[in-house]
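Enquirer: Next up is a structure, given as structure tokens.
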Amino acid sequence: MTPNAPTLSPDAGTGFDTVLVVDFGAQYAQVIARRVRELHVYSEIVPASTPFEELLARRPAGIILSGGPASVYADDAPAIDPRVFDAGVPVLGICYGQQLMAQALGGEVARTGTSEFGRTELAIREPGALLDGLGARQTVWMSHNDAVRAAPPGFRVTAATDDSPAAAFEAPERGLFGVQFHPEVSHTPRGLDVLASFLARTGARPTWTSHSVIEASVERIREQVGDATVLCGLSGGVDSAVAAALVEKAVGSQLTCVLVDHGLLREGEVADVQQAFGAHSDVRLITVDARERFLALLEGVEDPEEKRKRIGGEFIRVFEEAARTHASDAGFLVQGTLYPDVIESGEGHAAATIKSHHNVGGLPEDMDFDLVEPLRWLFKDEVRRVGEELGLPPELVWRQPFPGPGLAVRIIGEVTGQRLDLLRRADAIVRAELRRAGLEGPPRPRPDGQADPEHVWQAFAVLPAIRSVGVQGDERTYGHPVIVRAVTSEDAMTADFARIDWDVLERIATRVINGVPGINRVAYDITSKPPGTIEWE
Ligand code: XMP
């Protein structure tokens with residue numbers, strides 16, 4: 001059994017041309033990969049420690065060296081094998097990646113140049129291959145201390161800023177390009193054009209579309225599963241729904257879906273899922289009522305990681321029982337693991353494990369399923385597009401993400417039936433009010449085609465383990481507060497608190513305090529990620 005074996009590595013035999021992003025600092029690399037995929041070229045992130053031979057063995061159409069926080073002169077600075085610049089594969093260095101390229105090929109990187117952070121004017125001297133079509137000036141996003149002072153011999157400097165004399169350089173005949181600025185962020189308005197120009201030089205075919213992702217996934221799933229029976233857990237979230245729909249498309253009646261009601265779901269969720277799947281597919285759906293079982297398991301448990309481990313472990317066991325009862329020959333279990341989960345869990349990366357997401361890495365060792373993970377190579381926005389392409393209803397596709405351990409990670413301290421009830425009722429009000437204000441659901445389209453920065457990615461209530469004094473009517477109360485958490489995000493890797501209108505927040509507070517006995521205070525969480533996480537546990 002290989003619980004973490006990739007089920008779709010599209011470059012491995014399915015015909016997607018690949019651009020590898022070498023990761024010198026996780027946040028940058030992911031955004032670059034997402035942008036490349038927006039341009040319909042498959043892109044995968046590899047750690048900076050990947051040996052040169054391994055990089056080439058992937059037969060990439062192009063390689064992008066990401067930005068990163070280090071200085072190329074630091075003792076432990078991550079390096080790149082200089083042979084990568086002579087391998088006949090086009091390379092784009094971004095920020096730290098550009099500095100590595102300059103250093104390796106005989107250019108000069110200033111150790112203590114003036115820093116540039118934020119929006120910066122770029123003066124384009126000659127457009128060259130990379131900056132073609134951008135005119136004489138562009139606004140770009142900078143974030144660096146060191147800077148390239150002199151391009152390597154044979155390179156042409158195509159653009160500069162006040163503090164970066166070689167803000168862009170290139171040797172197109174060698175397929176080598178470098179930029180000091182960040183073309184991947186939305187603060188560089190024409191950044192996508194820069195990436196597109198690089199992709200054009202790689203010759204990578206733009207075949208990464210929802211349609212072809214579905215075709216490749218279906219093929220992979222059929223190959224992996226054969227004629228075995230597959231079990232899929234539905235959680236109410238978009239990931240499990242899209243994963244199930246993909247598997248259904250691949251192996252149809254071999255699929256049985258199970259909805260485990262662990263009592264940690266949101267208000268009305270069980271009924272919603274039953275209705276959505278009943279109405280929109282012919283999947284066989286079984287609902288298991290395990291509420292008592294999970295409550296007993298969580299009795300007295302306060303530690304967040306312990307909660308996650310217990311829930312994750314029990315979840316699989318409930319599945320095994322469901323499998324024995326309803327699909328006795330099920331050999332496979334579908335998991336809605338996403339690419340950011342894989343990266344964030346540190347699999348194949350040096351990055352530290354941040355949380356043991358129960359759908360990655362936290363699986364019990366004695367489980368007896370093989371995993372089908374059709375979303376393992378997809379970012380969340382890609383999952384949604386695949387869901388739409390598969391014809392799932394918009395209310396399901398645009399449902400906000402919900403963690404596997406459910407409301408348990410939004411209750412600080414012990415999870416009891418009574419505390420769950422309080423939180424569930426408050427949470428339903430929070431989401432209803434946001435929906436009413438048009439803040440939940442599909443993002444509103446913007447004329448410039450950019451993502452709506454105000455769109456709420458997730459919004460929910462959290463129940464902390466404290467009480468506070470209040471006054472209602474003429475009476476002193478000593479009740480529970482709830483904390484409202486609402487964030488904007490593109491992929492959950494980073495997030496900002498949503499700038500929700502005061503009036504909406506006021507309505508939430510009033511309705512929660514009036515409508516949920518025991519709650520006498522509402523607070524709003526204004527922490528971004530990092531340094532916070534989206535969930536409280
Ligand atoms: P954090 O709290 O780490 O969450 O900023 C990032 C995103 O992941 C979701 N999340 C989970 N999803 N199982 C899941 O399937 C989990 O254990 C889990 N923990 C967090 C969270 O809701 C947010 O969207």
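Chain labels run A, B, ... following the order of the structure tokens; each chain numbers its residues from 1, and ligands are numbered from 1 in the order shown.
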Leu297 in chain A: which residues within 9 Å, counting only C-alpha atoms, same-chain residues fewer than 2 positions away excluded, as a PDB file with all heavy atoms, in the first residue's frame?

Expert:
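See out31.pdb below for the written result:
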ATOM      1  N   GLU A 292     -22.429  10.451  18.360  1.00  0.00           N
ATOM      2  CA  GLU A 292     -22.116  10.055  19.745  1.00  0.00           C
ATOM      3  C   GLU A 292     -20.674   9.575  19.867  1.00  0.00           C
ATOM      4  O   GLU A 292     -19.963   9.866  20.823  1.00  0.00           O
ATOM      5  CB  GLU A 292     -23.070   8.937  20.196  1.00  0.00           C
ATOM      6  CG  GLU A 292     -24.517   9.382  20.356  1.00  0.00           C
ATOM      7  CD  GLU A 292     -24.663  10.471  21.418  1.00  0.00           C
ATOM      8  OE1 GLU A 292     -23.942  10.422  22.426  1.00  0.00           O
ATOM      9  OE2 GLU A 292     -25.473  11.407  21.209  1.00  0.00           O
ATOM     10  N   ARG A 293     -20.277   8.829  18.863  1.00  0.00           N
ATOM     11  CA  ARG A 293     -18.960   8.220  18.858  1.00  0.00           C
ATOM     12  C   ARG A 293     -17.849   9.275  18.890  1.00  0.00           C
ATOM     13  O   ARG A 293     -16.877   9.155  19.643  1.00  0.00           O
ATOM     14  CB  ARG A 293     -18.869   7.427  17.550  1.00  0.00           C
ATOM     15  CG  ARG A 293     -18.049   6.199  17.649  1.00  0.00           C
ATOM     16  CD  ARG A 293     -18.280   5.401  16.403  1.00  0.00           C
ATOM     17  NE  ARG A 293     -16.996   4.891  15.964  1.00  0.00           N
ATOM     18  CZ  ARG A 293     -16.844   3.954  15.068  1.00  0.00           C
ATOM     19  NH1 ARG A 293     -17.900   3.427  14.483  1.00  0.00           N
ATOM     20  NH2 ARG A 293     -15.649   3.526  14.733  1.00  0.00           N
ATOM     21  N   PHE A 294     -18.021  10.307  18.108  1.00  0.00           N
ATOM     22  CA  PHE A 294     -16.991  11.349  18.060  1.00  0.00           C
ATOM     23  C   PHE A 294     -16.994  12.202  19.334  1.00  0.00           C
ATOM     24  O   PHE A 294     -15.942  12.588  19.828  1.00  0.00           O
ATOM     25  CB  PHE A 294     -17.168  12.229  16.813  1.00  0.00           C
ATOM     26  CG  PHE A 294     -16.537  11.623  15.588  1.00  0.00           C
ATOM     27  CD1 PHE A 294     -17.228  10.715  14.800  1.00  0.00           C
ATOM     28  CD2 PHE A 294     -15.237  11.945  15.233  1.00  0.00           C
ATOM     29  CE1 PHE A 294     -16.644  10.145  13.675  1.00  0.00           C
ATOM     30  CE2 PHE A 294     -14.639  11.384  14.118  1.00  0.00           C
ATOM     31  CZ  PHE A 294     -15.344  10.481  13.337  1.00  0.00           C
ATOM     32  N   LEU A 295     -18.185  12.441  19.876  1.00  0.00           N
ATOM     33  CA  LEU A 295     -18.250  13.216  21.123  1.00  0.00           C
ATOM     34  C   LEU A 295     -17.529  12.471  22.238  1.00  0.00           C
ATOM     35  O   LEU A 295     -16.773  13.063  23.016  1.00  0.00           O
ATOM     36  CB  LEU A 295     -19.704  13.441  21.526  1.00  0.00           C
ATOM     37  CG  LEU A 295     -20.366  14.738  21.076  1.00  0.00           C
ATOM     38  CD1 LEU A 295     -21.738  14.873  21.724  1.00  0.00           C
ATOM     39  CD2 LEU A 295     -19.507  15.955  21.418  1.00  0.00           C
ATOM     40  N   GLU A 299     -14.001  13.655  24.446  1.00  0.00           N
ATOM     41  CA  GLU A 299     -14.243  14.050  25.832  1.00  0.00           C
ATOM     42  C   GLU A 299     -12.926  14.364  26.544  1.00  0.00           C
ATOM     43  O   GLU A 299     -11.998  13.555  26.531  1.00  0.00           O
ATOM     44  CB  GLU A 299     -14.983  12.919  26.547  1.00  0.00           C
ATOM     45  CG  GLU A 299     -15.782  13.414  27.732  1.00  0.00           C
ATOM     46  CD  GLU A 299     -16.505  12.265  28.422  1.00  0.00           C
ATOM     47  OE1 GLU A 299     -17.180  11.480  27.715  1.00  0.00           O
ATOM     48  OE2 GLU A 299     -16.358  12.153  29.653  1.00  0.00           O
ATOM     49  N   GLY A 300     -12.840  15.536  27.132  1.00  0.00           N
ATOM     50  CA  GLY A 300     -11.664  15.908  27.928  1.00  0.00           C
ATOM     51  C   GLY A 300     -10.442  16.277  27.093  1.00  0.00           C
ATOM     52  O   GLY A 300      -9.395  16.617  27.651  1.00  0.00           O
ATOM     53  N   VAL A 301     -10.538  16.219  25.743  1.00  0.00           N
ATOM     54  CA  VAL A 301      -9.358  16.519  24.917  1.00  0.00           C
ATOM     55  C   VAL A 301      -9.309  18.022  24.617  1.00  0.00           C
ATOM     56  O   VAL A 301     -10.255  18.578  24.079  1.00  0.00           O
ATOM     57  CB  VAL A 301      -9.407  15.737  23.577  1.00  0.00           C
ATOM     58  CG1 VAL A 301      -8.178  16.053  22.742  1.00  0.00           C
ATOM     59  CG2 VAL A 301      -9.535  14.255  23.841  1.00  0.00           C
ATOM     60  N   LYS A 307      -6.743  16.566  19.089  1.00  0.00           N
ATOM     61  CA  LYS A 307      -8.096  16.550  18.512  1.00  0.00           C
ATOM     62  C   LYS A 307      -8.039  16.102  17.069  1.00  0.00           C
ATOM     63  O   LYS A 307      -8.776  15.218  16.631  1.00  0.00           O
ATOM     64  CB  LYS A 307      -8.688  17.969  18.520  1.00  0.00           C
ATOM     65  CG  LYS A 307      -9.348  18.399  19.782  1.00  0.00           C
ATOM     66  CD  LYS A 307     -10.008  19.771  19.511  1.00  0.00           C
ATOM     67  CE  LYS A 307     -10.263  20.516  20.783  1.00  0.00           C
ATOM     68  NZ  LYS A 307     -10.684  21.909  20.555  1.00  0.00           N
ATOM     69  N   ARG A 310      -7.154  12.390  16.683  1.00  0.00           N
ATOM     70  CA  ARG A 310      -8.261  11.484  17.050  1.00  0.00           C
ATOM     71  C   ARG A 310      -9.355  11.503  15.987  1.00  0.00           C
ATOM     72  O   ARG A 310      -9.890  10.468  15.598  1.00  0.00           O
ATOM     73  CB  ARG A 310      -8.856  11.900  18.397  1.00  0.00           C
ATOM     74  CG  ARG A 310      -7.975  11.517  19.547  1.00  0.00           C
ATOM     75  CD  ARG A 310      -8.704  11.718  20.849  1.00  0.00           C
ATOM     76  NE  ARG A 310      -7.741  11.499  21.931  1.00  0.00           N
ATOM     77  CZ  ARG A 310      -8.054  11.069  23.124  1.00  0.00           C
ATOM     78  NH1 ARG A 310      -9.314  10.820  23.434  1.00  0.00           N
ATOM     79  NH2 ARG A 310      -7.136  10.895  24.042  1.00  0.00           N
ATOM     80  N   ILE A 311      -9.707  12.699  15.537  1.00  0.00           N
ATOM     81  CA  ILE A 311     -10.790  12.808  14.558  1.00  0.00           C
ATOM     82  C   ILE A 311     -10.381  12.126  13.253  1.00  0.00           C
ATOM     83  O   ILE A 311     -11.133  11.331  12.684  1.00  0.00           O
ATOM     84  CB  ILE A 311     -11.168  14.291  14.313  1.00  0.00           C
ATOM     85  CG1 ILE A 311     -11.757  14.892  15.582  1.00  0.00           C
ATOM     86  CG2 ILE A 311     -12.159  14.407  13.160  1.00  0.00           C
ATOM     87  CD1 ILE A 311     -11.859  16.406  15.571  1.00  0.00           C
ATOM     88  N   GLU A 314     -10.349   8.285  13.741  1.00  0.00           N
ATOM     89  CA  GLU A 314     -11.698   7.724  13.887  1.00  0.00           C
ATOM     90  C   GLU A 314     -12.461   7.798  12.562  1.00  0.00           C
ATOM     91  O   GLU A 314     -13.215   6.888  12.214  1.00  0.00           O
ATOM     92  CB  GLU A 314     -12.451   8.513  14.970  1.00  0.00           C
ATOM     93  CG  GLU A 314     -13.766   7.894  15.407  1.00  0.00           C
ATOM     94  CD  GLU A 314     -13.576   6.604  16.195  1.00  0.00           C
ATOM     95  OE1 GLU A 314     -12.422   6.142  16.332  1.00  0.00           O
ATOM     96  OE2 GLU A 314     -14.592   6.046  16.642  1.00  0.00           O
TER      97      GLU A 314
END

Enquirer: Name all residues at most 10 Å from range 485-502 of chain A (count only C-alpha atoms; drop same-chain ones fewer than 3 positions away) and give them as an mmCIF file with N, CA and C atoms, in the first residue's frame.

Expert:
data_model
loop_
_atom_site.group_PDB
_atom_site.id
_atom_site.type_symbol
_atom_site.label_atom_id
_atom_site.label_comp_id
_atom_site.auth_asym_id
_atom_site.auth_seq_id
_atom_site.Cartn_x
_atom_site.Cartn_y
_atom_site.Cartn_z
ATOM 1 N N ALA A 26 8.902 29.334 -0.003
ATOM 2 C CA ALA A 26 7.635 28.694 -0.383
ATOM 3 C C ALA A 26 6.558 29.629 -0.951
ATOM 4 N N GLN A 27 6.326 30.766 -0.330
ATOM 5 C CA GLN A 27 5.202 31.597 -0.782
ATOM 6 C C GLN A 27 5.363 32.019 -2.237
ATOM 7 N N GLN A 30 4.757 29.155 -4.970
ATOM 8 C CA GLN A 30 3.376 28.764 -5.251
ATOM 9 C C GLN A 30 2.661 29.766 -6.124
ATOM 10 N N VAL A 31 2.900 31.026 -5.843
ATOM 11 C CA VAL A 31 2.213 32.041 -6.657
ATOM 12 C C VAL A 31 2.701 31.947 -8.104
ATOM 13 N N ARG A 34 1.037 29.029 -9.817
ATOM 14 C CA ARG A 34 -0.372 29.302 -10.116
ATOM 15 C C ARG A 34 -0.507 30.204 -11.337
ATOM 16 N N PRO A 340 -1.710 22.577 -2.331
ATOM 17 C CA PRO A 340 -1.160 23.305 -1.180
ATOM 18 C C PRO A 340 -1.080 22.459 0.099
ATOM 19 N N ASP A 341 -2.029 21.523 0.274
ATOM 20 C CA ASP A 341 -1.945 20.626 1.445
ATOM 21 C C ASP A 341 -0.657 19.815 1.363
ATOM 22 N N ILE A 343 2.106 20.528 -0.216
ATOM 23 C CA ILE A 343 3.284 21.365 0.010
ATOM 24 C C ILE A 343 3.382 21.759 1.481
ATOM 25 N N GLU A 344 2.237 22.184 2.040
ATOM 26 C CA GLU A 344 2.258 22.676 3.412
ATOM 27 C C GLU A 344 2.570 21.569 4.422
ATOM 28 N N PHE A 379 -4.561 23.459 -7.449
ATOM 29 C CA PHE A 379 -4.839 24.542 -6.527
ATOM 30 C C PHE A 379 -6.359 24.699 -6.425
ATOM 31 N N LYS A 380 -6.788 25.380 -5.356
ATOM 32 C CA LYS A 380 -8.221 25.483 -5.084
ATOM 33 C C LYS A 380 -9.014 26.106 -6.247
ATOM 34 N N ASP A 381 -8.472 27.160 -6.836
ATOM 35 C CA ASP A 381 -9.232 27.792 -7.925
ATOM 36 C C ASP A 381 -9.369 26.835 -9.107
ATOM 37 N N PRO A 401 -14.416 26.640 1.880
ATOM 38 C CA PRO A 401 -13.722 25.445 2.363
ATOM 39 C C PRO A 401 -14.061 25.179 3.828
ATOM 40 N N ASP A 427 -22.457 30.346 14.157
ATOM 41 C CA ASP A 427 -21.835 30.229 12.831
ATOM 42 C C ASP A 427 -22.865 30.383 11.715
ATOM 43 N N VAL A 430 -23.580 34.040 11.291
ATOM 44 C CA VAL A 430 -22.472 34.742 10.623
ATOM 45 C C VAL A 430 -22.565 34.536 9.116
ATOM 46 N N ARG A 431 -22.727 33.301 8.697
ATOM 47 C CA ARG A 431 -22.710 33.012 7.260
ATOM 48 C C ARG A 431 -23.964 33.545 6.561
ATOM 49 N N LEU A 434 -23.492 37.240 5.977
ATOM 50 C CA LEU A 434 -22.532 37.531 4.906
ATOM 51 C C LEU A 434 -23.147 37.239 3.544
ATOM 52 N N ALA A 437 -25.285 39.990 2.608
ATOM 53 C CA ALA A 437 -24.526 41.174 2.184
ATOM 54 C C ALA A 437 -23.777 40.913 0.873
ATOM 55 N N LEU A 439 -21.439 38.732 0.332
ATOM 56 C CA LEU A 439 -20.002 38.501 0.536
ATOM 57 C C LEU A 439 -19.617 37.028 0.477
ATOM 58 N N ALA A 451 -8.812 39.052 -9.815
ATOM 59 C CA ALA A 451 -9.630 38.480 -8.745
ATOM 60 C C ALA A 451 -10.140 39.616 -7.849
ATOM 61 N N ASP A 452 -11.352 39.460 -7.350
ATOM 62 C CA ASP A 452 -11.930 40.468 -6.459
ATOM 63 C C ASP A 452 -11.246 40.387 -5.094
ATOM 64 N N PRO A 453 -10.491 41.415 -4.719
ATOM 65 C CA PRO A 453 -9.741 41.332 -3.467
ATOM 66 C C PRO A 453 -10.635 41.354 -2.231
ATOM 67 N N GLU A 454 -11.896 41.778 -2.407
ATOM 68 C CA GLU A 454 -12.825 41.842 -1.271
ATOM 69 C C GLU A 454 -13.541 40.518 -1.032
ATOM 70 N N HIS A 455 -13.386 39.589 -1.966
ATOM 71 C CA HIS A 455 -14.160 38.359 -1.865
ATOM 72 C C HIS A 455 -13.779 37.563 -0.616
ATOM 73 N N VAL A 456 -14.802 37.146 0.128
ATOM 74 C CA VAL A 456 -14.533 36.416 1.368
ATOM 75 C C VAL A 456 -14.256 34.951 1.035
ATOM 76 N N TRP A 457 -13.104 34.491 1.444
ATOM 77 C CA TRP A 457 -12.678 33.104 1.167
ATOM 78 C C TRP A 457 -13.337 32.151 2.156
ATOM 79 N N GLN A 458 -13.281 32.516 3.422
ATOM 80 C CA GLN A 458 -13.906 31.721 4.470
ATOM 81 C C GLN A 458 -14.406 32.667 5.550
ATOM 82 N N ALA A 459 -15.541 32.343 6.132
ATOM 83 C CA ALA A 459 -16.053 33.148 7.240
ATOM 84 C C ALA A 459 -16.777 32.218 8.194
ATOM 85 N N PHE A 460 -16.494 32.375 9.464
ATOM 86 C CA PHE A 460 -17.096 31.456 10.435
ATOM 87 C C PHE A 460 -16.979 32.017 11.837
ATOM 88 N N ALA A 461 -17.581 31.309 12.780
ATOM 89 C CA ALA A 461 -17.485 31.704 14.179
ATOM 90 C C ALA A 461 -16.533 30.760 14.915
ATOM 91 N N VAL A 462 -15.880 31.296 15.926
ATOM 92 C CA VAL A 462 -14.958 30.519 16.767
ATOM 93 C C VAL A 462 -15.417 30.684 18.209
ATOM 94 N N VAL A 482 -18.166 34.909 21.140
ATOM 95 C CA VAL A 482 -17.722 34.223 19.924
ATOM 96 C C VAL A 482 -16.864 35.198 19.135
ATOM 97 N N LEU A 505 -21.144 43.740 10.358
ATOM 98 C CA LEU A 505 -20.632 43.182 11.622
ATOM 99 C C LEU A 505 -21.604 43.475 12.765
ATOM 100 N N GLU A 506 -22.180 44.651 12.741
ATOM 101 C CA GLU A 506 -23.119 45.010 13.803
ATOM 102 C C GLU A 506 -24.346 44.090 13.771
ATOM 103 N N ARG A 507 -24.844 43.836 12.548
ATOM 104 C CA ARG A 507 -26.010 42.950 12.439
ATOM 105 C C ARG A 507 -25.669 41.549 12.942
ATOM 106 N N ILE A 508 -24.467 41.086 12.597
ATOM 107 C CA ILE A 508 -24.041 39.763 13.070
ATOM 108 C C ILE A 508 -24.034 39.747 14.600
ATOM 109 N N ALA A 523 -16.547 39.316 18.973
ATOM 110 C CA ALA A 523 -15.310 40.019 18.614
ATOM 111 C C ALA A 523 -14.946 39.670 17.172
ATOM 112 N N TYR A 524 -14.195 40.546 16.521
ATOM 113 C CA TYR A 524 -13.792 40.296 15.130
ATOM 114 C C TYR A 524 -12.276 40.108 15.075
ATOM 115 N N ASP A 525 -11.850 39.057 14.427
ATOM 116 C CA ASP A 525 -10.427 38.704 14.357
ATOM 117 C C ASP A 525 -9.758 39.469 13.209
ATOM 118 N N ILE A 526 -8.778 40.308 13.536
ATOM 119 C CA ILE A 526 -8.125 41.100 12.479
ATOM 120 C C ILE A 526 -6.682 40.639 12.247
ATOM 121 N N THR A 527 -6.463 39.326 12.374
ATOM 122 C CA THR A 527 -5.121 38.787 12.151
ATOM 123 C C THR A 527 -5.018 38.262 10.731
ATOM 124 N N SER A 528 -3.930 38.560 10.040
ATOM 125 C CA SER A 528 -3.740 37.973 8.715
ATOM 126 C C SER A 528 -2.919 36.686 8.853
ATOM 127 N N LYS A 529 -2.762 35.959 7.751
ATOM 128 C CA LYS A 529 -1.941 34.742 7.722
ATOM 129 C C LYS A 529 -0.830 34.949 6.712
ATOM 130 N N PRO A 530 0.442 34.809 7.054
ATOM 131 C CA PRO A 530 0.934 34.780 8.420
ATOM 132 C C PRO A 530 0.759 36.162 9.066
ATOM 133 N N PRO A 531 0.875 36.282 10.343
ATOM 134 C CA PRO A 531 1.378 35.320 11.324
ATOM 135 C C PRO A 531 0.312 34.353 11.867
ATOM 136 N N GLY A 532 -0.976 34.653 11.685
ATOM 137 C CA GLY A 532 -1.992 33.727 12.193
ATOM 138 C C GLY A 532 -2.212 32.609 11.189
ATOM 139 N N THR A 533 -3.061 31.659 11.521
ATOM 140 C CA THR A 533 -3.578 30.736 10.511
ATOM 141 C C THR A 533 -5.048 31.102 10.335
ATOM 142 N N ILE A 534 -5.685 30.525 9.334
ATOM 143 C CA ILE A 534 -7.095 30.854 9.121
ATOM 144 C C ILE A 534 -7.921 30.272 10.262
ATOM 145 N N GLU A 535 -7.744 28.982 10.511
ATOM 146 C CA GLU A 535 -8.444 28.344 11.626
ATOM 147 C C GLU A 535 -7.756 28.740 12.932
ATOM 148 N N TRP A 536 -8.487 28.562 14.023
ATOM 149 C CA TRP A 536 -7.885 28.913 15.318
ATOM 150 C C TRP A 536 -7.099 27.759 15.917
#

Enquirer: Counting only C-alpha atoms, which residue out of A:Gly391, A:Pro51, A:Gly107, A:Pro206 sits closest to Leu246 in chain A?

Expert: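 Counting only C-alpha atoms, the residue closest to Leu246 in chain A is A:Gly391.
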
Enquirer: Give the helix (DSSP H, G or I) residues of range 230-471 of chain A, as DSSP finds them on the backbone, and put them as a VMD selection string.

Expert: chain A and resid 238 to 254 269 to 280 291 to 298 304 to 326 339 to 344 380 to 389 394 to 397 406 to 410 417 to 436

Enquirer: Which residues are close to Phe24 in chain A, i.e. within 12 Å by only C-alpha atoms, leaving aside same-chain residues fewer than 2 positions away? Reply as an mmCIF file with C-alpha atoms, in the first residue's frame.

Expert:
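In the end it all went to out34.cif:
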data_model
loop_
_atom_site.group_PDB
_atom_site.id
_atom_site.type_symbol
_atom_site.label_atom_id
_atom_site.label_comp_id
_atom_site.auth_asym_id
_atom_site.auth_seq_id
_atom_site.Cartn_x
_atom_site.Cartn_y
_atom_site.Cartn_z
ATOM 1 C CA VAL A 21 9.469 26.180 -10.304
ATOM 2 C CA VAL A 22 12.503 25.756 -8.082
ATOM 3 C CA ALA A 26 7.635 28.694 -0.383
ATOM 4 C CA GLN A 27 5.202 31.597 -0.782
ATOM 5 C CA TYR A 28 6.811 32.946 -3.937
ATOM 6 C CA ALA A 29 7.052 29.566 -5.623
ATOM 7 C CA GLN A 30 3.376 28.764 -5.251
ATOM 8 C CA ILE A 32 4.518 31.598 -9.652
ATOM 9 C CA ILE A 45 7.142 23.171 -7.518
ATOM 10 C CA VAL A 46 10.355 21.373 -6.660
ATOM 11 C CA PRO A 47 12.569 22.004 -3.650
ATOM 12 C CA ALA A 48 15.823 23.934 -4.136
ATOM 13 C CA SER A 49 17.651 20.801 -2.989
ATOM 14 C CA THR A 50 16.496 18.779 -6.028
ATOM 15 C CA ILE A 64 11.795 29.203 -13.110
ATOM 16 C CA LEU A 65 14.013 30.008 -10.144
ATOM 17 C CA SER A 66 11.790 31.611 -7.527
ATOM 18 C CA GLY A 67 12.441 34.476 -5.189
ATOM 19 C CA GLY A 68 13.392 33.771 -1.617
ATOM 20 C CA PRO A 69 14.377 35.494 1.592
ATOM 21 C CA ALA A 70 18.102 34.617 1.601
ATOM 22 C CA SER A 71 21.093 36.629 0.386
ATOM 23 C CA VAL A 72 23.184 34.768 -2.200
ATOM 24 C CA ALA A 77 22.061 30.344 1.117
ATOM 25 C CA PRO A 78 20.214 27.784 -1.046
ATOM 26 C CA ALA A 79 22.149 27.287 -4.274
ATOM 27 C CA ILE A 80 21.466 26.057 -7.770
ATOM 28 C CA GLY A 93 15.314 33.788 -12.541
ATOM 29 C CA ILE A 94 13.036 35.936 -10.400
ATOM 30 C CA CYS A 95 14.497 38.139 -7.637
ATOM 31 C CA TYR A 96 16.709 35.742 -5.637
ATOM 32 C CA GLY A 97 16.621 33.482 -8.716
ATOM 33 C CA GLN A 98 17.962 36.318 -10.883
ATOM 34 C CA GLN A 99 20.723 36.972 -8.370
ATOM 35 C CA LEU A 100 21.712 33.299 -8.373
ATOM 36 C CA HIS A 349 9.860 19.569 0.817
ATOM 37 C CA ALA A 350 12.192 20.769 3.498
ATOM 38 C CA ALA A 351 9.426 23.004 4.890
#

Enquirer: Would you pick out the contacts of Val238 in chain A at 8 Å or less, using only C-alpha atoms, so that residues sharing its chain but fewer than 6 positions from it are not included, and give the list as a ChimeraX atom specification?

Expert: /A:383-384,396-401

Enquirer: Rank nothing, just name the residue among A:Val469, A:Leu407, A:Val372, A:Val512 nearest to ligand 1, using only C-alpha atoms and all ligand atoms.

Expert: A:Leu407

Enquirer: Can you pull out the residues contacting Val157 in chain A? Cut-off 7 Å, using only C-alpha atoms, and skip same-chain residues under 5 positions away; I want them as a VMD selection string.

Expert: chain A and resid 151 166 168 to 170

Enquirer: Might you pull out every residue within 8 Å of Arg119 in chain A, with only C-alpha atoms counted and same-chain residues fewer than 2 positions away left off, and present them as a list of chain:residue names?

Expert: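 Here the answer would be A:Phe117, A:Glu121, A:Thr139, A:Val140, A:Trp141, A:Met142, A:His187, A:Thr188.
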
Enquirer: Grab the residues selected above and save them as a PDB file, in the first residue's frame with N, CA and C atoms.

Expert:
ATOM      1  N   PHE A 117      11.254  47.997  -1.688  1.00  0.00           N
ATOM      2  CA  PHE A 117      10.064  47.232  -1.323  1.00  0.00           C
ATOM      3  C   PHE A 117       8.844  47.945  -1.862  1.00  0.00           C
ATOM      4  N   GLU A 121       8.890  52.096 -10.092  1.00  0.00           N
ATOM      5  CA  GLU A 121       8.878  52.418 -11.523  1.00  0.00           C
ATOM      6  C   GLU A 121      10.005  51.692 -12.230  1.00  0.00           C
ATOM      7  N   THR A 139       4.940  49.824 -13.868  1.00  0.00           N
ATOM      8  CA  THR A 139       4.994  49.683 -12.414  1.00  0.00           C
ATOM      9  C   THR A 139       5.237  48.209 -12.101  1.00  0.00           C
ATOM     10  N   VAL A 140       6.191  47.952 -11.235  1.00  0.00           N
ATOM     11  CA  VAL A 140       6.475  46.559 -10.850  1.00  0.00           C
ATOM     12  C   VAL A 140       6.574  46.476  -9.342  1.00  0.00           C
ATOM     13  N   TRP A 141       6.481  45.264  -8.832  1.00  0.00           N
ATOM     14  CA  TRP A 141       6.565  45.042  -7.382  1.00  0.00           C
ATOM     15  C   TRP A 141       7.958  44.535  -7.044  1.00  0.00           C
ATOM     16  N   MET A 142       8.586  45.229  -6.119  1.00  0.00           N
ATOM     17  CA  MET A 142       9.935  44.851  -5.695  1.00  0.00           C
ATOM     18  C   MET A 142       9.917  44.406  -4.237  1.00  0.00           C
ATOM     19  N   HIS A 187       0.368  43.036  -7.960  1.00  0.00           N
ATOM     20  CA  HIS A 187       0.843  44.425  -7.908  1.00  0.00           C
ATOM     21  C   HIS A 187       1.772  44.762  -9.076  1.00  0.00           C
ATOM     22  N   THR A 188       2.172  43.766  -9.842  1.00  0.00           N
ATOM     23  CA  THR A 188       2.892  44.043 -11.093  1.00  0.00           C
ATOM     24  C   THR A 188       1.862  43.862 -12.205  1.00  0.00           C
TER      25      THR A 188
END

Enquirer: Record the distance separating CA of Arg190 in chain A and CA of Ser115 in chain A, expressed in Å with one decimal.

Expert: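 Answer for the CA of Arg190 in chain A to CA of Ser115 in chain A separation: 22.3 Å.
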
Enquirer: Enumerate as an NGL selection string all residues of range 247-478 of chain A assigned to strand (DSSP E) by DSSP on the backbone, naming them with the chain letters and numbers the document uses.

Expert: :A and (255-261 or 284-289 or 330-334 or 370-372 or 458-462 or 468-472 or 475-478)
